[in-house]
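Novice: What follows is work34.tsv, TSV, C-alpha atoms and all ligand atoms.
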```tsv
chain	number	residue	atom	x	y	z
U	683	MET	CA	52.52	96.65	181.75
U	684	SER	CA	55.76	96.83	179.81
U	685	ILE	CA	58.57	94.32	180.21
U	686	ILE	CA	61.12	97.16	180.05
U	687	PRO	CA	61.64	97.59	183.85
U	688	SER	CA	62.28	93.87	184.13
U	689	LEU	CA	64.81	94.06	181.27
U	690	LEU	CA	66.65	96.87	183.00
U	691	SER	CA	66.85	95.06	186.31
U	692	GLY	CA	68.04	91.95	184.46
U	693	PHE	CA	70.73	94.02	182.78
U	694	GLU	CA	71.80	95.47	186.10
U	695	ALA	CA	72.43	91.95	187.40
U	696	PHE	CA	74.28	91.02	184.19
U	697	GLN	CA	76.34	94.18	184.39
U	698	LYS	CA	77.40	93.40	187.97
U	699	SER	CA	78.25	89.81	187.10
U	700	TYR	CA	80.17	90.41	183.90
U	701	PHE	CA	81.66	93.88	184.30
U	702	GLY	CA	82.36	93.64	188.03
U	703	ALA	CA	85.72	93.26	189.72
U	704	ASP	CA	85.61	89.42	189.89
U	705	THR	CA	85.68	88.73	186.18
U	706	ASP	CA	87.48	89.88	183.09
U	707	LEU	CA	85.40	87.71	180.74
U	708	MET	CA	83.66	90.55	178.90
U	709	ALA	CA	86.79	92.68	178.87
U	710	ARG	CA	88.69	89.77	177.35
U	711	LEU	CA	85.96	89.11	174.76
U	712	ALA	CA	85.87	92.79	173.87
U	713	ARG	CA	89.67	92.95	173.56
U	714	GLN	CA	90.36	89.67	171.82
U	715	GLY	CA	87.12	89.15	169.90
U	716	GLN	CA	84.82	86.18	170.04
U	717	GLU	CA	85.77	82.57	169.59
U	718	PRO	CA	82.49	80.69	170.01
U	719	GLN	CA	82.65	76.92	170.33
U	720	MET	CA	79.41	76.23	168.52
U	721	LEU	CA	76.96	77.64	166.02
U	722	VAL	CA	73.42	77.02	167.24
U	723	ILE	CA	70.48	77.35	164.88
U	724	ALA	CA	67.37	77.48	167.05
U	725	CYS	CA	63.76	78.57	166.70
U	726	SER	CA	62.71	82.14	167.52
U	727	ASP	CA	60.18	80.71	169.98
U	728	SER	CA	60.36	82.55	173.32
U	729	ARG	CA	60.37	79.28	175.28
U	730	VAL	CA	63.46	77.75	173.76
U	731	ASP	CA	66.41	80.06	174.35
U	732	PRO	CA	69.55	77.89	174.09
U	733	ALA	CA	71.62	80.28	176.23
U	734	LEU	CA	69.11	79.84	179.08
U	735	LEU	CA	68.61	76.11	178.54
U	736	PHE	CA	72.31	75.32	178.59
U	737	GLY	CA	73.52	77.99	181.01
U	738	VAL	CA	76.34	79.18	178.79
U	739	GLU	CA	78.52	82.27	179.13
U	740	PRO	CA	78.84	85.22	176.74
U	741	GLY	CA	81.08	84.22	173.86
U	742	ASP	CA	80.21	80.49	173.98
U	743	LEU	CA	77.51	80.17	171.31
U	744	PHE	CA	77.14	81.92	167.98
U	745	MET	CA	73.42	81.94	167.52
U	746	VAL	CA	70.86	82.04	164.74
U	747	ARG	CA	67.26	82.25	165.92
U	748	VAL	CA	64.83	81.82	163.07
U	749	VAL	CA	61.28	80.54	162.65
U	750	ALA	CA	61.22	76.74	162.95
U	751	ASN	CA	65.06	76.59	163.10
U	752	LEU	CA	65.11	75.92	159.37
U	753	VAL	CA	68.29	75.92	157.33
U	754	PRO	CA	67.60	76.80	153.68
U	755	PRO	CA	69.32	74.84	150.91
U	756	TYR	CA	72.71	76.12	149.75
U	757	ASP	CA	71.96	78.81	147.17
U	758	PRO	CA	74.46	81.64	146.55
U	759	HIS	CA	71.82	83.35	144.38
U	760	ALA	CA	69.12	83.47	147.05
U	761	PRO	CA	67.80	87.06	147.26
U	762	LEU	CA	68.19	87.68	151.02
U	763	PRO	CA	70.25	84.87	152.49
U	764	ALA	CA	70.23	86.00	156.13
U	765	VAL	CA	70.47	82.54	157.68
U	766	SER	CA	73.11	81.35	155.22
U	767	ALA	CA	75.16	84.52	155.82
U	768	ALA	CA	75.25	83.80	159.56
U	769	ILE	CA	76.20	80.18	158.90
U	770	GLU	CA	78.97	81.29	156.55
U	771	TYR	CA	80.40	83.76	159.05
U	772	ALA	CA	80.35	81.18	161.86
U	773	VAL	CA	81.96	78.44	159.78
U	774	ARG	CA	84.39	80.28	157.49
U	775	ASP	CA	85.38	83.23	159.65
U	776	LEU	CA	84.88	82.16	163.26
U	777	LYS	CA	85.71	78.53	162.40
U	778	VAL	CA	83.31	76.97	164.89
U	779	PRO	CA	84.11	73.29	165.42
U	780	GLU	CA	80.47	72.27	166.00
U	781	ILE	CA	77.03	73.17	164.68
U	782	MET	CA	73.78	72.32	166.39
U	783	VAL	CA	70.30	72.64	164.94
U	784	MET	CA	67.88	72.75	167.85
U	785	GLY	CA	64.23	71.98	167.23
U	786	HIS	CA	61.50	71.80	169.83
U	787	ALA	CA	58.04	70.53	170.73
U	788	GLN	CA	55.01	72.73	170.03
U	789	CYS	CA	56.79	74.59	167.25
U	790	GLY	CA	54.34	77.11	165.77
U	791	GLY	CA	56.27	77.27	162.50
U	792	ILE	CA	56.12	73.53	161.91
U	793	GLY	CA	52.49	73.53	163.12
U	794	GLY	CA	51.78	76.12	160.42
U	795	LEU	CA	53.51	73.97	157.83
U	796	CYS	CA	51.42	70.92	158.83
U	797	ALA	CA	48.26	73.04	158.65
U	798	ASP	CA	49.29	74.24	155.21
U	799	LEU	CA	49.93	70.67	154.06
U	800	ALA	CA	46.54	69.65	155.46
U	801	GLY	CA	44.85	72.26	153.25
U	802	ASN	CA	44.66	75.28	155.57
U	803	ASP	CA	46.65	77.41	153.19
U	804	LEU	CA	48.85	80.06	154.77
U	805	ALA	CA	48.73	82.19	151.61
U	806	ASP	CA	47.70	85.29	153.57
U	807	ARG	CA	51.04	85.33	155.41
U	808	ASP	CA	53.47	87.50	153.47
U	809	PHE	CA	56.68	85.90	154.70
U	810	LEU	CA	55.85	82.87	156.82
U	811	LYS	CA	54.50	80.74	154.02
U	812	PRO	CA	57.50	80.99	151.66
U	813	TRP	CA	59.85	80.45	154.61
U	814	ILE	CA	58.30	77.43	156.30
U	815	THR	CA	57.36	75.71	153.07
U	816	THR	CA	61.08	75.30	152.33
U	817	ALA	CA	60.64	72.19	154.52
U	818	ARG	CA	57.44	71.08	152.75
U	819	ALA	CA	58.91	68.05	150.97
U	820	ALA	CA	60.64	66.85	154.15
U	821	VAL	CA	57.47	66.98	156.22
U	822	ALA	CA	54.88	65.94	153.59
U	823	GLY	CA	55.57	62.22	154.12
U	824	GLU	CA	54.65	62.50	157.80
U	825	MET	CA	51.12	63.57	156.86
U	826	GLU	CA	50.48	60.07	155.47
U	827	ASN	CA	51.06	58.44	158.86
U	828	PRO	CA	47.67	57.71	160.50
U	829	ASP	CA	49.01	58.44	164.03
U	830	LYS	CA	47.89	62.05	164.34
U	831	ASP	CA	48.93	62.32	168.02
U	832	SER	CA	52.58	62.11	167.11
U	833	LEU	CA	52.32	64.25	163.96
U	834	ALA	CA	53.75	67.42	165.49
U	835	ARG	CA	56.77	65.62	166.91
U	836	ARG	CA	57.40	63.64	163.72
U	837	ALA	CA	57.09	66.78	161.60
U	838	GLU	CA	59.42	68.80	163.87
U	839	GLN	CA	62.01	66.04	163.77
U	840	ALA	CA	61.67	65.54	160.01
U	841	ALA	CA	62.22	69.28	159.48
U	842	LEU	CA	65.25	69.12	161.77
U	843	ARG	CA	66.76	66.25	159.77
U	844	HIS	CA	66.06	68.28	156.62
U	845	SER	CA	67.97	71.24	158.05
U	846	LEU	CA	70.94	69.00	158.91
U	847	GLN	CA	70.82	67.65	155.37
U	848	ASN	CA	70.79	71.17	153.93
U	849	LEU	CA	73.81	72.09	156.07
U	850	ARG	CA	75.70	69.19	154.53
U	851	GLY	CA	74.99	70.74	151.12
U	852	PHE	CA	77.05	73.88	151.88
U	853	PRO	CA	80.37	73.06	150.15
U	854	TRP	CA	82.65	74.51	152.86
U	855	ILE	CA	80.65	72.59	155.52
U	856	ALA	CA	80.92	69.35	153.53
U	857	GLU	CA	84.65	69.96	153.21
U	858	ARG	CA	85.13	70.45	156.95
U	859	LEU	CA	82.94	67.45	157.77
U	860	ALA	CA	85.03	65.26	155.47
U	861	ALA	CA	88.22	66.54	157.13
U	862	GLN	CA	86.65	65.94	160.59
U	863	ARG	CA	87.12	69.58	161.48
U	864	LEU	CA	83.40	70.07	162.09
U	865	ARG	CA	80.64	68.10	163.78
U	866	LEU	CA	76.87	68.42	163.28
U	867	HIS	CA	74.26	67.82	165.98
U	868	GLY	CA	70.47	67.78	165.87
U	869	TRP	CA	68.76	68.20	169.24
U	870	TRP	CA	65.04	68.36	169.86
U	871	PHE	CA	63.83	69.99	173.08
U	872	ASP	CA	60.67	68.47	174.52
U	873	LEU	CA	59.29	71.44	176.38
U	874	ASP	CA	56.38	69.44	177.80
U	875	GLU	CA	58.65	66.98	179.58
U	876	GLY	CA	61.79	69.08	179.95
U	877	ALA	CA	63.94	66.61	178.05
U	878	ILE	CA	66.42	66.70	175.20
U	879	TRP	CA	66.52	64.17	172.36
U	880	ALA	CA	69.52	63.90	170.06
U	881	TYR	CA	69.50	62.76	166.47
U	882	ASP	CA	71.55	59.61	165.84
U	883	ASP	CA	72.83	59.80	162.31
U	884	ASP	CA	73.73	56.12	161.98
U	885	GLN	CA	70.37	54.80	163.13
U	886	ASP	CA	68.32	57.71	161.76
U	887	ILE	CA	66.40	58.08	165.04
U	888	PHE	CA	66.19	60.57	167.90
U	889	LYS	CA	67.50	59.20	171.20
U	890	HIS	CA	66.80	60.45	174.72
U	891	LEU	CA	69.82	62.45	175.88
U	892	ALA	CA	68.95	64.47	179.00
U	893	GLY	CA	66.09	65.25	181.35
U	894	PRO	CA	63.37	62.85	182.52
U	895	GLU	CA	63.39	59.43	180.84
U	896	PRO	CA	60.48	58.89	178.46
U	897	ARG	CA	57.50	57.20	180.07
U	898	PRO	CA	56.78	53.71	178.81
U	899	ALA	CA	53.97	53.70	176.25
U	900	ALA	CA	50.57	52.82	177.71
U	901	VAL	CA	49.40	49.29	176.93
K	1001	ZN	ZN	59.52	76.78	166.86
```
Let me see the structure of the file written as structure tokens.

Specialist:
Amino acid sequence: MSIIPSLLSGFEAFQKSYFGADTDLMARLARQGQEPQMLVIACSDSRVDPALLFGVEPGDLFMVRVVANLVPPYDPHAPLPAVSAAIEYAVRDLKVPEIMVMGHAQCGGIGGLCADLAGNDLADRDFLKPWITTARAAVAGEMENPDKDSLARRAEQAALRHSLQNLRGFPWIAERLAAQRLRLHGWWFDLDEGAIWAYDDDQDIFKHLAGPEPRPAAV
């Protein structure tokens, strides 16, 4: 059975809420243009839609959804710089004051990268392999750690830190960071527990931010 009828009934509800008599939000956005408060770079994964997770309104978030929420390194000569083009538009044209990279648990893209690093080569994937292996160096060190239970989480968070680092390499982002006109955030959504962890730049760790507190480790 197709999802189309459900999409149409969802749109009907949206239409009533946002084009009805009680609000002029969409009319205002259409008239004045968008002025999003944040650029969010999130995974394409169907379980981690930032607009749903954070209950935002149209116009609030400028969004990039891409496999494994990876930010490529700054490279004006890259052949098809789709992600970088969206970042450039958000930062230089829309002048967003904040950027968030949002990773998540059970990320298939990072899982594929770990499998590739473990020797299960993804060479038969035309596009996935070259894309996810942009984070290869950042994640490779995690493979050395003998704690295999936490590998996925460590790899997802290492890739997220790598994306934040790559963002800092875009000259007009570095400029705005230095002038304190832009702030970077790295959040990791634990979809098993329903919690958010935020990257703390100073301590180089992820700290619990929202949702159920982490359970104490078993002794
Ligand atoms: Zn993912």

Novice: List all protein, DNA and RNA residues that have at least one atom no more than 9 Å from any atom of ligand ZN 1001 (chain K), counting all atoms listed in the file, and write them as a list of chain:residue names.

Specialist: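 Sorted by chain and then by number, the residues are U:Ala724, U:Cys725, U:Ser726, U:Asp727, U:Ser728, U:Arg729, U:Val730, U:Val748, U:Val749, U:Ala750, U:Asn751, U:Gly785, U:His786, U:Ala787, U:Gln788, U:Cys789, U:Gly790, U:Gly791, U:Ile792, U:Gly793, U:Glu838.
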
Novice: From the list U:Gly801, U:Pro761, U:Pro732, U:Pro896, which residue is nearest Met782 (chain U) when using all atoms listed in the file?

Specialist: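 Checking each of U:Gly801, U:Pro761, U:Pro732, U:Pro896 against Met782 (chain U), counting all atoms listed in the file, the winner is U:Pro732.
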
Novice: With all atoms listed in the file as the atoms that count, which of U:Leu721, U:His867, U:Asp803, U:Asp742 lies nearest to Glu770 (chain U)?

Specialist: U:Leu721

Novice: Counting only C-alpha atoms, which residues sit no farther than 12 Å from the position (68.7, 67.1, 157.4) in the file's frame? I'd like them as number ranges by chain.

Specialist: U: 751-755, 782-785, 817, 819-821, 838-851, 866-869, 881-883, 886

Novice: What does the distance between CA of Ala837 (chain U) and CA of Glu824 (chain U) come to in Å, to one decimal place?

Specialist: 6.2 Å

Novice: Can you tell me, as a VMD selection string, what residues are no more than 12 Å from Tyr771 (chain U) when counting only C-alpha atoms, ignoring any on the same chain fewer than 5 positions away?

Specialist: chain U and resid 717 to 718 721 744 to 746 764 to 766 776 to 778 854 to 855

Novice: Generate the output file for the selected residues, C-alpha atoms, as a PDB file, keeping the file's coordinate frame.

Specialist:
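Result file follows (result-v3.pdb):
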```pdb
ATOM      1  CA  GLU U 717      85.770  82.570 169.590  1.00  0.00           C
ATOM      2  CA  PRO U 718      82.490  80.690 170.010  1.00  0.00           C
ATOM      3  CA  LEU U 721      76.960  77.640 166.020  1.00  0.00           C
ATOM      4  CA  PHE U 744      77.140  81.920 167.980  1.00  0.00           C
ATOM      5  CA  MET U 745      73.420  81.940 167.520  1.00  0.00           C
ATOM      6  CA  VAL U 746      70.860  82.040 164.740  1.00  0.00           C
ATOM      7  CA  ALA U 764      70.230  86.000 156.130  1.00  0.00           C
ATOM      8  CA  VAL U 765      70.470  82.540 157.680  1.00  0.00           C
ATOM      9  CA  SER U 766      73.110  81.350 155.220  1.00  0.00           C
ATOM     10  CA  LEU U 776      84.880  82.160 163.260  1.00  0.00           C
ATOM     11  CA  LYS U 777      85.710  78.530 162.400  1.00  0.00           C
ATOM     12  CA  VAL U 778      83.310  76.970 164.890  1.00  0.00           C
ATOM     13  CA  TRP U 854      82.650  74.510 152.860  1.00  0.00           C
ATOM     14  CA  ILE U 855      80.650  72.590 155.520  1.00  0.00           C
TER      15      ILE U 855
END
```

Novice: Using Å and a single decimal, report how far CA of Leu864 (chain U) sits from CA of Ile781 (chain U).

Specialist: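 CA of Leu864 (chain U) lies at a distance of 7.5 Å from CA of Ile781 (chain U).
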
Novice: Which is closest to Arg865 (chain U) among U:Leu795, U:Ala733, U:Met720, U:Leu833, if we use only C-alpha atoms?

Specialist: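 Using only C-alpha atoms, Arg865 (chain U) sits closest to U:Met720.
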
Novice: Just how far from CA of Asp829 (chain U) is CA of Glu875 (chain U), in Å to one decimal?

Specialist: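 Interatomic distance here is 20.2 Å.
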